[in-house]
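Trainee: Have a look at the structure that comes next, please.
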Amino acid sequence: MKINDTFRYLNIGLPDDILRKKIYGDLKGAVRLIDRRLAADNLPDSLRYCLTVQREICLRLPSNYPFTKKDALTILRDHIPDFSEEEFDEYVDAGRISWTYINGEMHFPERFFDTLCKTSPDFAARAGIHFPGTESTGNNKGSGLLDLSMRTMKEKGKISKRIRIRASMKIKDDFFTPGMSVLAHLPVPAKCEQQSDIRIEKIFPETGTAAPEDALQRTVCWKENMSENHEFFVEYSYTHTAFFHNTENPEQLPVSIITPENLQQYTTEEAPHIVFTPYIRNLAASLTEGITEPLEKARRFYDFITLNMKYSFMPEYFVLDSIAESCARNFTGDCGVFALLFITLCRCAGIPACWQSGLAAEPDFCGAHDWARFWAEPYGWLYADPSFGTGAVRAGNEERRRFYFGNLDAFRMVANSAFQAPFTIEKNHWRADPYDNQVGEIETDSHGLNYEEFDYNQETLLCEDL
């Protein structure tokens with residue numbers, strides 16, 4: 001079995017003794033016990049695959065939760081000198097700062113401070129931080145950009161942008177060895193309903209090969225024996241068109257003439273994260289009680305997420321268990337976590353739903369982003385962006401929250417149309433993100449590089465109206 005396919009067995013679960021060590025944060029002890037189990041000849045294959053993944057998760061957890069409470073308070077006081085320990089404890093108890101145990105001590109994620117700045121305008125102002133991105137805290141500039149796009153789509157029925165992006169990545173010098181063999185992937189625009197006139201403008205090195213436009217996770221790939229360290233980069237341009245779907249007046253929605261033959265695949269479970277657990281089944285049923293129309297069922301799921309969930313930057317998806325159900329229990333997540341919960345609830349209710357991701361490509365900001373598509377009979381494919389919906393809630397903009405059920409803006413780059421899909425030229429080692437690809441992947445002959453081993457960047461060079 002290919003190494004990244006073992007994630008499909010993640011939710012089998014750990015043996016009790018290993019689970020207790022992992023929960024306590026005795027990760028070295030958990031790895032030791034996993035190695036003992038893996039050495040046994042009578043271990044079922046499915047459990048072997050699960051333990052193989054969990055071993056790697058245990059190795060990566062400390063870097064995802066690097067800060068002790070003392071470290072976290074130091075970071076906060078660098079920006080807010082009078083920030084008290086009592087304030088910190090209240091944020092933790094309120095679920096606004098996540099944590100886990102490392103060796104029995106609470107540790108906090110690398111981006112806990114960013115989460116507070118993104119989700120709380122008052123905290124960001126107190127810290128003197130302006131967080132980038134139009135849906136971050138409801139700043140006037142961002143709100144104006146998205147609201148203008150929304151109004152234009154409602155008035156004209158669509159909006160089109162010509163966008164050009166430069167994406168790059170480079171192995172950090174401390175992790176580079178001359179002569180190393182490298183396999184590198186950078187995401188590029190894929191063919192989809194929203195995107196057309198896709199052009200690969202520049203590639204370096206020029207030996208890079210672009211996957212077919214209809215690849216589920218489209219990349220440019222390089223294979224190279226590197227004598228000197230250098231960046232890999234690609235510049236591409238495309239036209240992105242966003243159509244307006246008036247989901248608040250379904251009689252104004254066009255009825256789809258053609259129903260795709262492969263819709264059934266978008267109603268099934270996909271372990272380990274799109275799984276119809278008893279809680280998910282109960283939640284989907286309770287949210288849609290008395291509702292028969294697929295569009296209205298999907299709206300109930302979107303409303304549940306956007307009106308109740310709080311945004312939080314997440315650890316790497318690599319180390320997360322049961323993403324959709326965990327979101328439904330903890331009421332926190334990021335764009336991909338919210339999208340997965342929405343997709344899972346839709347599928348559980350028999351509504352075809354699938355993943356889309358790539359970049360939010362705004363004039364002054366370019367960053368990773370995820371959202372969802374869903375099929376609502378008899379209207380066809382529609383879109384949902386629960387993350388931008390929660391951002392609208394933070395901004396106090398109910399019209400914009402409702403807009404992102406059924407619609408997207410045109411500030412997007414779609415590279416991926418499936419969650420947990422392989423690249424056209426597959427990796428041989430662990431992916432940094434085994435499910436999605438927004439910033440790129442690099443591996444050597446010996447291992448797949450973690451995010452801390454390479455730098456990456458995306459820049460919007462052009463974003464103009466057509």
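Ordering of the structure tokens sets the chain letters (A, B, ...), residue numbers begin anew at 1 in every chain, and ligands are numbered from 1 in the order given.
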Excluding Asn416 (chain A) and any residue of its chain fewer than 2 positions from it, enumerate the residues within 10 Å of it, using only C-alpha atoms, and give them as a short mmCIF file (atom, residue, chain, number, x, y, z; two decimals) with N, CA, C and O atoms, in the first residue's frame.
Mentor:
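After the write, part20.cif holds the following:
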```cif
data_model
loop_
_atom_site.label_atom_id
_atom_site.label_comp_id
_atom_site.auth_asym_id
_atom_site.auth_seq_id
_atom_site.Cartn_x
_atom_site.Cartn_y
_atom_site.Cartn_z
N PRO A 187 0.92 23.65 -6.79
CA PRO A 187 -0.43 23.65 -7.37
C PRO A 187 -0.60 24.74 -8.43
O PRO A 187 -0.02 25.83 -8.32
N VAL A 188 -1.38 24.41 -9.46
CA VAL A 188 -1.70 25.35 -10.54
C VAL A 188 -3.18 25.23 -10.87
O VAL A 188 -3.83 24.25 -10.49
N PRO A 189 -3.75 26.21 -11.59
CA PRO A 189 -5.19 26.17 -11.86
C PRO A 189 -5.62 24.95 -12.65
O PRO A 189 -4.95 24.52 -13.59
N ALA A 190 -6.75 24.40 -12.26
CA ALA A 190 -7.34 23.24 -12.93
C ALA A 190 -8.59 23.67 -13.70
O ALA A 190 -9.22 24.67 -13.37
N LYS A 191 -8.92 22.88 -14.68
CA LYS A 191 -10.14 23.14 -15.45
C LYS A 191 -11.35 22.84 -14.58
O LYS A 191 -11.46 21.79 -13.96
N CYS A 192 -12.27 23.79 -14.53
CA CYS A 192 -13.50 23.63 -13.77
C CYS A 192 -14.52 24.64 -14.29
O CYS A 192 -14.20 25.45 -15.17
N ASP A 214 -7.51 18.55 -16.13
CA ASP A 214 -8.61 17.96 -15.36
C ASP A 214 -8.13 17.10 -14.19
O ASP A 214 -8.90 16.34 -13.61
N ALA A 215 -6.85 17.21 -13.82
CA ALA A 215 -6.33 16.46 -12.68
C ALA A 215 -7.08 16.84 -11.41
O ALA A 215 -7.42 18.01 -11.20
N LEU A 216 -7.35 15.86 -10.55
CA LEU A 216 -8.09 16.13 -9.32
C LEU A 216 -7.34 17.07 -8.39
O LEU A 216 -7.95 17.87 -7.69
N GLN A 217 -6.02 16.93 -8.35
CA GLN A 217 -5.17 17.88 -7.64
C GLN A 217 -4.04 18.22 -8.61
O GLN A 217 -3.06 17.49 -8.73
N ARG A 218 -4.21 19.34 -9.30
CA ARG A 218 -3.32 19.67 -10.41
C ARG A 218 -2.06 20.37 -9.92
O ARG A 218 -2.12 21.30 -9.10
N THR A 219 -0.92 19.94 -10.44
CA THR A 219 0.35 20.52 -10.06
C THR A 219 1.27 20.65 -11.27
O THR A 219 1.05 20.04 -12.31
N TRP A 355 -15.36 18.67 -2.54
CA TRP A 355 -14.33 19.62 -2.10
C TRP A 355 -13.87 20.47 -3.27
O TRP A 355 -13.79 20.01 -4.40
N GLN A 356 -13.56 21.73 -3.00
CA GLN A 356 -12.77 22.57 -3.90
C GLN A 356 -11.81 23.38 -3.05
O GLN A 356 -12.15 23.81 -1.94
N SER A 357 -10.61 23.60 -3.59
CA SER A 357 -9.65 24.38 -2.83
C SER A 357 -8.56 24.91 -3.75
O SER A 357 -8.44 24.53 -4.90
N GLY A 358 -7.77 25.76 -3.18
CA GLY A 358 -6.67 26.38 -3.89
C GLY A 358 -6.25 27.62 -3.14
O GLY A 358 -5.72 27.55 -2.03
N LEU A 359 -6.54 28.78 -3.74
CA LEU A 359 -6.13 30.05 -3.14
C LEU A 359 -7.26 31.05 -3.13
O LEU A 359 -8.12 31.02 -4.01
N ASP A 370 -10.16 26.87 1.28
CA ASP A 370 -10.98 25.70 0.93
C ASP A 370 -12.45 26.08 1.02
O ASP A 370 -12.84 26.93 1.83
N MET A 413 -8.52 30.78 -6.88
CA MET A 413 -7.79 29.92 -7.79
C MET A 413 -8.09 28.49 -7.39
O MET A 413 -7.81 28.06 -6.26
N VAL A 414 -8.72 27.73 -8.28
CA VAL A 414 -9.09 26.34 -8.00
C VAL A 414 -8.01 25.42 -8.55
O VAL A 414 -7.78 25.36 -9.76
N ALA A 418 -10.94 17.51 -5.35
CA ALA A 418 -11.21 16.33 -4.53
C ALA A 418 -10.32 16.36 -3.30
O ALA A 418 -9.16 16.81 -3.37
N PHE A 419 -10.85 15.91 -2.20
CA PHE A 419 -10.11 15.77 -0.95
C PHE A 419 -9.45 14.41 -0.93
O PHE A 419 -10.04 13.41 -1.33
N GLN A 420 -8.19 14.37 -0.52
CA GLN A 420 -7.48 13.10 -0.36
C GLN A 420 -7.26 12.41 -1.70
O GLN A 420 -7.36 11.19 -1.81
N ALA A 421 -6.93 13.19 -2.73
CA ALA A 421 -6.66 12.63 -4.06
C ALA A 421 -5.15 12.65 -4.32
O ALA A 421 -4.44 13.55 -3.87
N ASP A 436 -4.81 17.61 0.93
CA ASP A 436 -5.03 18.78 0.09
C ASP A 436 -3.68 19.31 -0.37
O ASP A 436 -2.63 18.88 0.11
N ASN A 437 -3.69 20.26 -1.30
CA ASN A 437 -2.43 20.84 -1.77
C ASN A 437 -2.67 22.28 -2.18
O ASN A 437 -3.29 22.54 -3.20
N GLN A 438 -2.19 23.20 -1.36
CA GLN A 438 -2.40 24.62 -1.63
C GLN A 438 -1.09 25.38 -1.78
O GLN A 438 -1.04 26.39 -2.47
#
```
Trainee: Check the DSSP output for the backbone and give back, as a PyMOL selection string, the residues of region 69-259 of chain A in strand (DSSP E or B).
Mentor: chain A and resi 100-102+105-108+158-171+180-187+192+195-204+209-210+217+219-226+232-243
Trainee: Which value, in Å to one decimal, gives the distance between CA of Met150 (chain A) and CA of Cys346 (chain A)?
Mentor: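 Result for CA of Met150 (chain A) versus CA of Cys346 (chain A): 25.0 Å, one decimal.
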Trainee: Compare A:Pro212, A:Gly333, A:Gly104, A:Pro272 by their minimum atom-to-atom distance to Thr119 (chain A), counting only C-alpha atoms, and give me the closest one.
Mentor: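 That would be A:Gly333, the residue with the smallest distance to Thr119 (chain A).
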Trainee: Show which residues sit within 12 Å of Leu76 (chain A), as a VMD selection string. Count only C-alpha atoms, and ignore same-chain residues fewer than 3 positions away.
Mentor: chain A and resid 67 69 to 73 79 to 85 87 to 88 111 to 114 116 to 117 123 to 124 126 to 129
Trainee: Name all residues at most 12 Å from His240 (chain A) (count only C-alpha atoms; drop same-chain ones fewer than 4 positions away) and give them as a PyMOL selection string.
Mentor: chain A and resi 158-164+189-198+360-362+408-414+463-466
Trainee: Can I get the selection written as a PDB file, in the first residue's frame, with N, CA and C atoms?
Mentor:
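In the end it all went to selection22.pdb:
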```pdb
ATOM      1  N   LYS A 158     -23.098  37.819 -12.935  1.00  0.00           N
ATOM      2  CA  LYS A 158     -21.792  37.176 -12.859  1.00  0.00           C
ATOM      3  C   LYS A 158     -20.719  38.245 -12.738  1.00  0.00           C
ATOM      4  N   ILE A 159     -19.521  37.818 -12.432  1.00  0.00           N
ATOM      5  CA  ILE A 159     -18.365  38.692 -12.415  1.00  0.00           C
ATOM      6  C   ILE A 159     -17.156  37.875 -12.844  1.00  0.00           C
ATOM      7  N   SER A 160     -16.289  38.472 -13.652  1.00  0.00           N
ATOM      8  CA  SER A 160     -15.102  37.773 -14.161  1.00  0.00           C
ATOM      9  C   SER A 160     -13.848  38.569 -13.827  1.00  0.00           C
ATOM     10  N   LYS A 161     -12.799  37.842 -13.441  1.00  0.00           N
ATOM     11  CA  LYS A 161     -11.506  38.442 -13.142  1.00  0.00           C
ATOM     12  C   LYS A 161     -10.423  37.746 -13.968  1.00  0.00           C
ATOM     13  N   ARG A 162      -9.487  38.528 -14.452  1.00  0.00           N
ATOM     14  CA  ARG A 162      -8.274  37.957 -15.028  1.00  0.00           C
ATOM     15  C   ARG A 162      -7.208  38.043 -13.956  1.00  0.00           C
ATOM     16  N   ILE A 163      -6.687  36.885 -13.568  1.00  0.00           N
ATOM     17  CA  ILE A 163      -5.785  36.804 -12.416  1.00  0.00           C
ATOM     18  C   ILE A 163      -4.459  36.177 -12.841  1.00  0.00           C
ATOM     19  N   ARG A 164      -3.381  36.743 -12.320  1.00  0.00           N
ATOM     20  CA  ARG A 164      -2.048  36.165 -12.540  1.00  0.00           C
ATOM     21  C   ARG A 164      -1.368  36.026 -11.177  1.00  0.00           C
ATOM     22  N   PRO A 189      -3.749  26.205 -11.588  1.00  0.00           N
ATOM     23  CA  PRO A 189      -5.191  26.174 -11.856  1.00  0.00           C
ATOM     24  C   PRO A 189      -5.624  24.947 -12.650  1.00  0.00           C
ATOM     25  N   ALA A 190      -6.755  24.401 -12.255  1.00  0.00           N
ATOM     26  CA  ALA A 190      -7.337  23.242 -12.930  1.00  0.00           C
ATOM     27  C   ALA A 190      -8.587  23.667 -13.696  1.00  0.00           C
ATOM     28  N   LYS A 191      -8.917  22.880 -14.679  1.00  0.00           N
ATOM     29  CA  LYS A 191     -10.136  23.137 -15.445  1.00  0.00           C
ATOM     30  C   LYS A 191     -11.350  22.842 -14.578  1.00  0.00           C
ATOM     31  N   CYS A 192     -12.268  23.795 -14.526  1.00  0.00           N
ATOM     32  CA  CYS A 192     -13.505  23.629 -13.770  1.00  0.00           C
ATOM     33  C   CYS A 192     -14.515  24.637 -14.292  1.00  0.00           C
ATOM     34  N   GLU A 193     -15.715  24.606 -13.754  1.00  0.00           N
ATOM     35  CA  GLU A 193     -16.779  25.478 -14.232  1.00  0.00           C
ATOM     36  C   GLU A 193     -16.391  26.946 -14.138  1.00  0.00           C
ATOM     37  N   GLN A 194     -15.639  27.303 -13.112  1.00  0.00           N
ATOM     38  CA  GLN A 194     -15.336  28.715 -12.886  1.00  0.00           C
ATOM     39  C   GLN A 194     -14.153  29.230 -13.690  1.00  0.00           C
ATOM     40  N   GLN A 195     -13.251  28.352 -14.118  1.00  0.00           N
ATOM     41  CA  GLN A 195     -11.973  28.804 -14.675  1.00  0.00           C
ATOM     42  C   GLN A 195     -11.833  28.466 -16.153  1.00  0.00           C
ATOM     43  N   SER A 196     -11.241  29.422 -16.891  1.00  0.00           N
ATOM     44  CA  SER A 196     -11.016  29.247 -18.322  1.00  0.00           C
ATOM     45  C   SER A 196      -9.752  29.987 -18.732  1.00  0.00           C
ATOM     46  N   ASP A 197      -9.321  29.745 -19.950  1.00  0.00           N
ATOM     47  CA  ASP A 197      -8.132  30.406 -20.512  1.00  0.00           C
ATOM     48  C   ASP A 197      -6.960  30.320 -19.537  1.00  0.00           C
ATOM     49  N   ILE A 198      -6.659  29.091 -19.117  1.00  0.00           N
ATOM     50  CA  ILE A 198      -5.573  28.849 -18.165  1.00  0.00           C
ATOM     51  C   ILE A 198      -4.245  28.817 -18.921  1.00  0.00           C
ATOM     52  N   ALA A 360      -7.248  31.919  -2.132  1.00  0.00           N
ATOM     53  CA  ALA A 360      -7.981  33.169  -2.208  1.00  0.00           C
ATOM     54  C   ALA A 360      -7.023  34.173  -2.840  1.00  0.00           C
ATOM     55  N   ALA A 361      -7.363  34.653  -4.027  1.00  0.00           N
ATOM     56  CA  ALA A 361      -6.450  35.467  -4.826  1.00  0.00           C
ATOM     57  C   ALA A 361      -7.007  36.876  -4.959  1.00  0.00           C
ATOM     58  N   GLU A 362      -6.753  37.683  -3.954  1.00  0.00           N
ATOM     59  CA  GLU A 362      -7.251  39.051  -3.923  1.00  0.00           C
ATOM     60  C   GLU A 362      -6.164  40.004  -4.410  1.00  0.00           C
ATOM     61  N   LEU A 408     -19.874  31.966  -4.681  1.00  0.00           N
ATOM     62  CA  LEU A 408     -18.510  32.335  -4.349  1.00  0.00           C
ATOM     63  C   LEU A 408     -18.204  33.656  -5.027  1.00  0.00           C
ATOM     64  N   ASP A 409     -17.201  34.354  -4.515  1.00  0.00           N
ATOM     65  CA  ASP A 409     -16.684  35.508  -5.234  1.00  0.00           C
ATOM     66  C   ASP A 409     -15.722  35.018  -6.319  1.00  0.00           C
ATOM     67  N   ALA A 410     -15.173  35.940  -7.085  1.00  0.00           N
ATOM     68  CA  ALA A 410     -14.266  35.573  -8.183  1.00  0.00           C
ATOM     69  C   ALA A 410     -12.802  35.645  -7.780  1.00  0.00           C
ATOM     70  N   PHE A 411     -12.518  35.929  -6.510  1.00  0.00           N
ATOM     71  CA  PHE A 411     -11.131  36.022  -6.050  1.00  0.00           C
ATOM     72  C   PHE A 411     -10.642  34.639  -5.624  1.00  0.00           C
ATOM     73  N   ARG A 412     -10.585  33.730  -6.585  1.00  0.00           N
ATOM     74  CA  ARG A 412     -10.261  32.336  -6.276  1.00  0.00           C
ATOM     75  C   ARG A 412      -9.291  31.773  -7.320  1.00  0.00           C
ATOM     76  N   MET A 413      -8.521  30.779  -6.877  1.00  0.00           N
ATOM     77  CA  MET A 413      -7.788  29.915  -7.788  1.00  0.00           C
ATOM     78  C   MET A 413      -8.093  28.488  -7.386  1.00  0.00           C
ATOM     79  N   VAL A 414      -8.723  27.730  -8.275  1.00  0.00           N
ATOM     80  CA  VAL A 414      -9.093  26.345  -8.001  1.00  0.00           C
ATOM     81  C   VAL A 414      -8.006  25.423  -8.545  1.00  0.00           C
ATOM     82  N   CYS A 463      -4.955  41.214 -10.819  1.00  0.00           N
ATOM     83  CA  CYS A 463      -6.347  40.854 -10.528  1.00  0.00           C
ATOM     84  C   CYS A 463      -7.206  41.990 -11.045  1.00  0.00           C
ATOM     85  N   GLU A 464      -7.715  41.828 -12.271  1.00  0.00           N
ATOM     86  CA  GLU A 464      -8.452  42.918 -12.900  1.00  0.00           C
ATOM     87  C   GLU A 464      -9.781  42.435 -13.407  1.00  0.00           C
ATOM     88  N   ASP A 465     -10.731  43.358 -13.465  1.00  0.00           N
ATOM     89  CA  ASP A 465     -12.078  43.058 -13.971  1.00  0.00           C
ATOM     90  C   ASP A 465     -12.042  42.854 -15.480  1.00  0.00           C
ATOM     91  N   LEU A 466     -12.914  41.977 -15.942  1.00  0.00           N
ATOM     92  CA  LEU A 466     -13.094  41.773 -17.374  1.00  0.00           C
ATOM     93  C   LEU A 466     -14.485  42.262 -17.771  1.00  0.00           C
TER      94      LEU A 466
END
```
Trainee: Would you mind telling me which residue in A:Arg77, A:Arg96, A:Arg431, A:Arg8 lies nearest to Thr332 (chain A) when using only C-alpha atoms?
Mentor: A:Arg96
Trainee: Would you kindly return, as a PDB file with N, CA and C atoms, in the first residue's frame, each protein, DNA or RNA residue with an atom no farther than 9 Å from any atom of Trp99 (chain A), considering only C-alpha atoms and excluding same-chain residues fewer than 3 positions away?
Mentor:
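And here is the file that came out, part.pdb:
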```pdb
ATOM      1  N   TYR A  65       2.430  22.001  18.340  1.00  0.00           N
ATOM      2  CA  TYR A  65       2.073  22.642  19.611  1.00  0.00           C
ATOM      3  C   TYR A  65       3.371  23.014  20.331  1.00  0.00           C
ATOM      4  N   VAL A  92      -8.532  30.317  27.234  1.00  0.00           N
ATOM      5  CA  VAL A  92      -8.408  28.861  27.114  1.00  0.00           C
ATOM      6  C   VAL A  92      -9.725  28.193  27.486  1.00  0.00           C
ATOM      7  N   MET A 106       0.408  21.378  29.402  1.00  0.00           N
ATOM      8  CA  MET A 106      -0.350  22.016  28.334  1.00  0.00           C
ATOM      9  C   MET A 106       0.596  22.737  27.374  1.00  0.00           C
ATOM     10  N   HIS A 107       0.398  22.468  26.075  1.00  0.00           N
ATOM     11  CA  HIS A 107       1.135  23.164  25.021  1.00  0.00           C
ATOM     12  C   HIS A 107       0.130  23.772  24.047  1.00  0.00           C
ATOM     13  N   PHE A 108       0.544  24.864  23.416  1.00  0.00           N
ATOM     14  CA  PHE A 108      -0.362  25.648  22.602  1.00  0.00           C
ATOM     15  C   PHE A 108       0.152  25.742  21.169  1.00  0.00           C
ATOM     16  N   PRO A 109      -0.775  25.868  20.189  1.00  0.00           N
ATOM     17  CA  PRO A 109      -0.381  25.797  18.779  1.00  0.00           C
ATOM     18  C   PRO A 109       0.395  27.037  18.330  1.00  0.00           C
TER      19      PRO A 109
END
```
Trainee: Using only C-alpha atoms, which of the listed residues (A:Ser326, A:Asn229, A:Phe244, A:Gln265) sits closest to Phe175 (chain A)?
Mentor: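 Looking at the shortest contact to Phe175 (chain A), the residue is A:Asn229.
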Trainee: Which residue is closest to Ile442 (chain A)? Choose from A:Thr344, A:Ser168, A:Ser237, A:Ser417 and count only C-alpha atoms.
Mentor: A:Ser168
Trainee: For Val220 (chain A), please output as a list in words all residues within 9 Å (counting only C-alpha atoms; exclusion window: fewer than 4 positions along the same chain).
Mentor: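 That gives Ala184, His185, Leu186, Pro187, Val188, Ile203, Gly208, Thr209, Ala210, Ala211 and Val234 of chain A.
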Trainee: So which one's closest to Asn407 (chain A), A:Glu426, A:Glu248, A:Asp445, A:Glu270? Using only C-alpha atoms, please.
Mentor: A:Glu248
Trainee: Show me, as JSON lines, the residues of region 103-209 of chain A having an atom within 7 Å of region 448-458 of chain A, each with the closest atom pair and its distance in Å, using only C-alpha atoms.
Mentor:
```
{"residue": "A:Ile165", "atom": "CA", "partner": "A:Gln458", "partner_atom": "CA", "distance": 6.9}
{"residue": "A:Arg166", "atom": "CA", "partner": "A:Gln458", "partner_atom": "CA", "distance": 5.8}
{"residue": "A:Ala167", "atom": "CA", "partner": "A:Gln458", "partner_atom": "CA", "distance": 4.4}
{"residue": "A:Ser168", "atom": "CA", "partner": "A:Asn457", "partner_atom": "CA", "distance": 5.4}
{"residue": "A:Met169", "atom": "CA", "partner": "A:Tyr456", "partner_atom": "CA", "distance": 4.0}
{"residue": "A:Lys170", "atom": "CA", "partner": "A:Asp455", "partner_atom": "CA", "distance": 5.3}
{"residue": "A:Ile171", "atom": "CA", "partner": "A:Phe454", "partner_atom": "CA", "distance": 4.2}
{"residue": "A:Lys172", "atom": "CA", "partner": "A:Phe454", "partner_atom": "CA", "distance": 4.9}
{"residue": "A:Phe175", "atom": "CA", "partner": "A:Glu453", "partner_atom": "CA", "distance": 6.3}
```
Trainee: Next, write the just-selected residues to a file, as a short mmCIF file (atom, residue, chain, number, x, y, z; two decimals), in the first residue's frame, keeping N, CA, C and O atoms as the atom set.
Mentor:
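Below is the file again.cif, written as the result:
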```cif
data_model
loop_
_atom_site.label_atom_id
_atom_site.label_comp_id
_atom_site.auth_asym_id
_atom_site.auth_seq_id
_atom_site.Cartn_x
_atom_site.Cartn_y
_atom_site.Cartn_z
N ILE A 165 -0.79 34.86 -10.95
CA ILE A 165 -0.19 34.53 -9.65
C ILE A 165 1.20 33.97 -9.85
O ILE A 165 1.46 33.24 -10.82
N ARG A 166 2.09 34.32 -8.93
CA ARG A 166 3.41 33.68 -8.87
C ARG A 166 3.47 32.88 -7.59
O ARG A 166 3.24 33.41 -6.49
N ALA A 167 3.76 31.59 -7.71
CA ALA A 167 3.89 30.70 -6.56
C ALA A 167 5.28 30.10 -6.56
O ALA A 167 5.82 29.75 -7.62
N SER A 168 5.86 30.00 -5.37
CA SER A 168 7.23 29.49 -5.29
C SER A 168 7.44 28.72 -4.00
O SER A 168 6.67 28.84 -3.04
N MET A 169 8.50 27.93 -3.98
CA MET A 169 8.92 27.26 -2.75
C MET A 169 10.40 26.93 -2.88
O MET A 169 10.95 26.82 -3.99
N LYS A 170 11.05 26.79 -1.73
CA LYS A 170 12.50 26.52 -1.71
C LYS A 170 12.84 25.78 -0.43
O LYS A 170 12.36 26.14 0.66
N ILE A 171 13.67 24.77 -0.55
CA ILE A 171 14.17 24.06 0.62
C ILE A 171 15.00 25.02 1.46
O ILE A 171 15.82 25.78 0.93
N LYS A 172 14.76 25.02 2.76
CA LYS A 172 15.59 25.85 3.63
C LYS A 172 17.03 25.34 3.60
O LYS A 172 17.28 24.14 3.55
N PHE A 175 18.36 22.40 5.52
CA PHE A 175 17.89 21.05 5.18
C PHE A 175 18.32 20.62 3.78
O PHE A 175 17.89 19.58 3.29
#
```
Trainee: Please list as a PyMOL selection string every residue within 9 Å of Phe7 (chain A), counting only C-alpha atoms and excluding residues in the same chain fewer than 3 positions away.
Mentor: chain A and resi 3-4+10-11+49-50+52-53+271-272+434
Trainee: Could those residues be written to a file, using N, CA and C atoms, as a short mmCIF file (atom, residue, chain, number, x, y, z; two decimals), in the first residue's frame?
Mentor:
```
data_model
loop_
_atom_site.label_atom_id
_atom_site.label_comp_id
_atom_site.auth_asym_id
_atom_site.auth_seq_id
_atom_site.Cartn_x
_atom_site.Cartn_y
_atom_site.Cartn_z
N ILE A 3 2.15 4.85 0.96
CA ILE A 3 2.22 5.35 2.32
C ILE A 3 1.08 6.32 2.64
N ASN A 4 0.73 7.22 1.70
CA ASN A 4 -0.30 8.20 2.00
C ASN A 4 -1.71 7.61 1.97
N LEU A 10 -7.08 5.60 9.48
CA LEU A 10 -6.77 6.34 10.69
C LEU A 10 -7.83 6.19 11.77
N ASN A 11 -9.12 6.18 11.37
CA ASN A 11 -10.17 6.17 12.39
C ASN A 11 -10.49 4.79 12.93
N TYR A 49 -1.86 -0.39 9.36
CA TYR A 49 -1.89 0.88 8.63
C TYR A 49 -2.23 2.03 9.57
N CYS A 50 -3.20 1.82 10.45
CA CYS A 50 -3.58 2.85 11.41
C CYS A 50 -2.39 3.21 12.31
N THR A 52 0.74 2.84 11.72
CA THR A 52 1.78 3.50 10.93
C THR A 52 1.53 5.00 10.83
N VAL A 53 0.27 5.37 10.57
CA VAL A 53 -0.08 6.79 10.52
C VAL A 53 0.04 7.43 11.89
N ALA A 271 -13.31 7.66 4.46
CA ALA A 271 -12.52 7.64 5.69
C ALA A 271 -11.14 8.26 5.43
N PRO A 272 -10.58 8.94 6.44
CA PRO A 272 -11.02 8.92 7.83
C PRO A 272 -11.89 10.10 8.27
N PRO A 434 -1.55 15.37 3.64
CA PRO A 434 -1.95 14.15 2.92
C PRO A 434 -3.31 14.25 2.25
#
```
Trainee: Point out the residue among A:Thr444, A:Ser227, A:Thr247, A:Asn64 with the least atom-to-atom distance to Glu110 (chain A), counting only C-alpha atoms.
Mentor: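 Closest residue, counting only C-alpha atoms: A:Asn64.
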Trainee: List every residue of region 143-189 of chain A that DSSP, applied to the backbone, labels as helix (DSSP H, G or I), and write the result as a list in words.
Mentor: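 Listing helix (DSSP H, G or I) positions across region 143-189 of chain A yields Ser143, Gly144, Leu145, Leu146, Asp147, Leu148, Ser149, Met150, Arg151, Thr152, Met153, Lys154, Glu155, Lys156, Asp173, Asp174 and Phe175 of chain A.
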